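Comments concern the structure below.
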Amino acid sequence: VDTFNHRVQKWRTNASTGTTIAGQANGTDGFALASLFYPNAIVIDSMRNLYVSDGANSRVLRFSNGSRNGTIVAGDGETVARGYRRGIF
């Protein structure tokens, strides 16, 4: 998880660069289903779906294998990071 660049990157062994698999490749934050805002943890299930704890957006997103858009599976998706009232961590 590349928390401060608001993305998740995949790194191959001995690679010099990573590939963004969730969030925006340019590192911008956001609340759209293709964006992340301070993600902090991931899980990959047996179907190779990616689950991302999108902390400052108060949600957990599931990215189907190969998808650029997530689906909210937990949380309300309310962006609160600007005031840091609450979040999913």
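Just so we're on the same page: first chain in the structure tokens is A, next is B, and so on; residues restart at 1 for each chain, and ligands are numbered from 1 in the order they show up.
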Selection near Phe4 in chain A, 12 Å with only C-alpha atoms, sequence-local residues under 2 positions removed, as a ChimeraX atom specification: /A:1-2,6-8,23-24,26-29,36-40,54-56
Output of the above residues as an mmCIF file, in the first residue's frame, restricted to C-alpha atoms:
data_model
loop_
_atom_site.group_PDB
_atom_site.id
_atom_site.type_symbol
_atom_site.label_atom_id
_atom_site.label_comp_id
_atom_site.auth_asym_id
_atom_site.auth_seq_id
_atom_site.Cartn_x
_atom_site.Cartn_y
_atom_site.Cartn_z
ATOM 1 C CA VAL A 1 0.000 0.000 0.000
ATOM 2 C CA ASP A 2 1.383 3.377 -1.056
ATOM 3 C CA HIS A 6 -3.310 7.183 -2.383
ATOM 4 C CA ARG A 7 -2.765 3.996 -4.372
ATOM 5 C CA VAL A 8 -1.900 0.304 -4.251
ATOM 6 C CA GLY A 23 -6.190 4.282 -7.004
ATOM 7 C CA GLN A 24 -4.763 6.868 -9.365
ATOM 8 C CA ASN A 26 -0.400 9.914 -10.443
ATOM 9 C CA GLY A 27 -0.981 9.708 -6.682
ATOM 10 C CA THR A 28 -3.961 12.066 -6.395
ATOM 11 C CA ASP A 29 -6.593 11.357 -3.763
ATOM 12 C CA LEU A 36 -8.421 6.115 -2.802
ATOM 13 C CA PHE A 37 -7.780 8.477 0.096
ATOM 14 C CA TYR A 38 -5.065 7.266 2.497
ATOM 15 C CA PRO A 39 -5.460 3.523 1.947
ATOM 16 C CA ASN A 40 -3.763 1.550 4.673
ATOM 17 C CA ASP A 54 -9.631 3.159 2.212
ATOM 18 C CA GLY A 55 -9.198 4.793 5.598
ATOM 19 C CA ALA A 56 -9.979 8.455 5.033
#
Residues of chain A in strand (DSSP E), written as JSON, numbers by chain: {"A": [7, 8, 9, 10, 19, 20, 21, 22, 23, 39, 40, 41, 42, 43, 44, 50, 51, 52, 53, 54, 59, 60, 61, 62, 63, 71, 72, 73, 74, 75]}
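Using only C-alpha atoms, the smallest distance between any of A:Asn49, A:Thr13, A:Asn5, A:Ala41 and Asn69 in chain A comes from A:Asn49.
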Which of chain A fall in helix (DSSP H, G or I), as number ranges by chain: A: 3-5, 55-57
Near-Leu50 in chain A list (8 Å; only C-alpha atoms; drop same-chain fewer than 3 positions) as a PyMOL selection string: chain A and resi 42-45+62-65
Atom pair CA of Tyr51 in chain A / CA of Thr71 in chain A: separation (Å): 9.4 Å
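For the set A:Ser53, A:Ile72, A:Met47, A:Thr19, the residue with the smallest atom-to-atom gap to Thr3 in chain A is A:Ser53, counting only C-alpha atoms.
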Straight-line distance linking CA of Gly66 in chain A with CA of Thr20 in chain A, stated in Å to one decimal: 11.1 Å
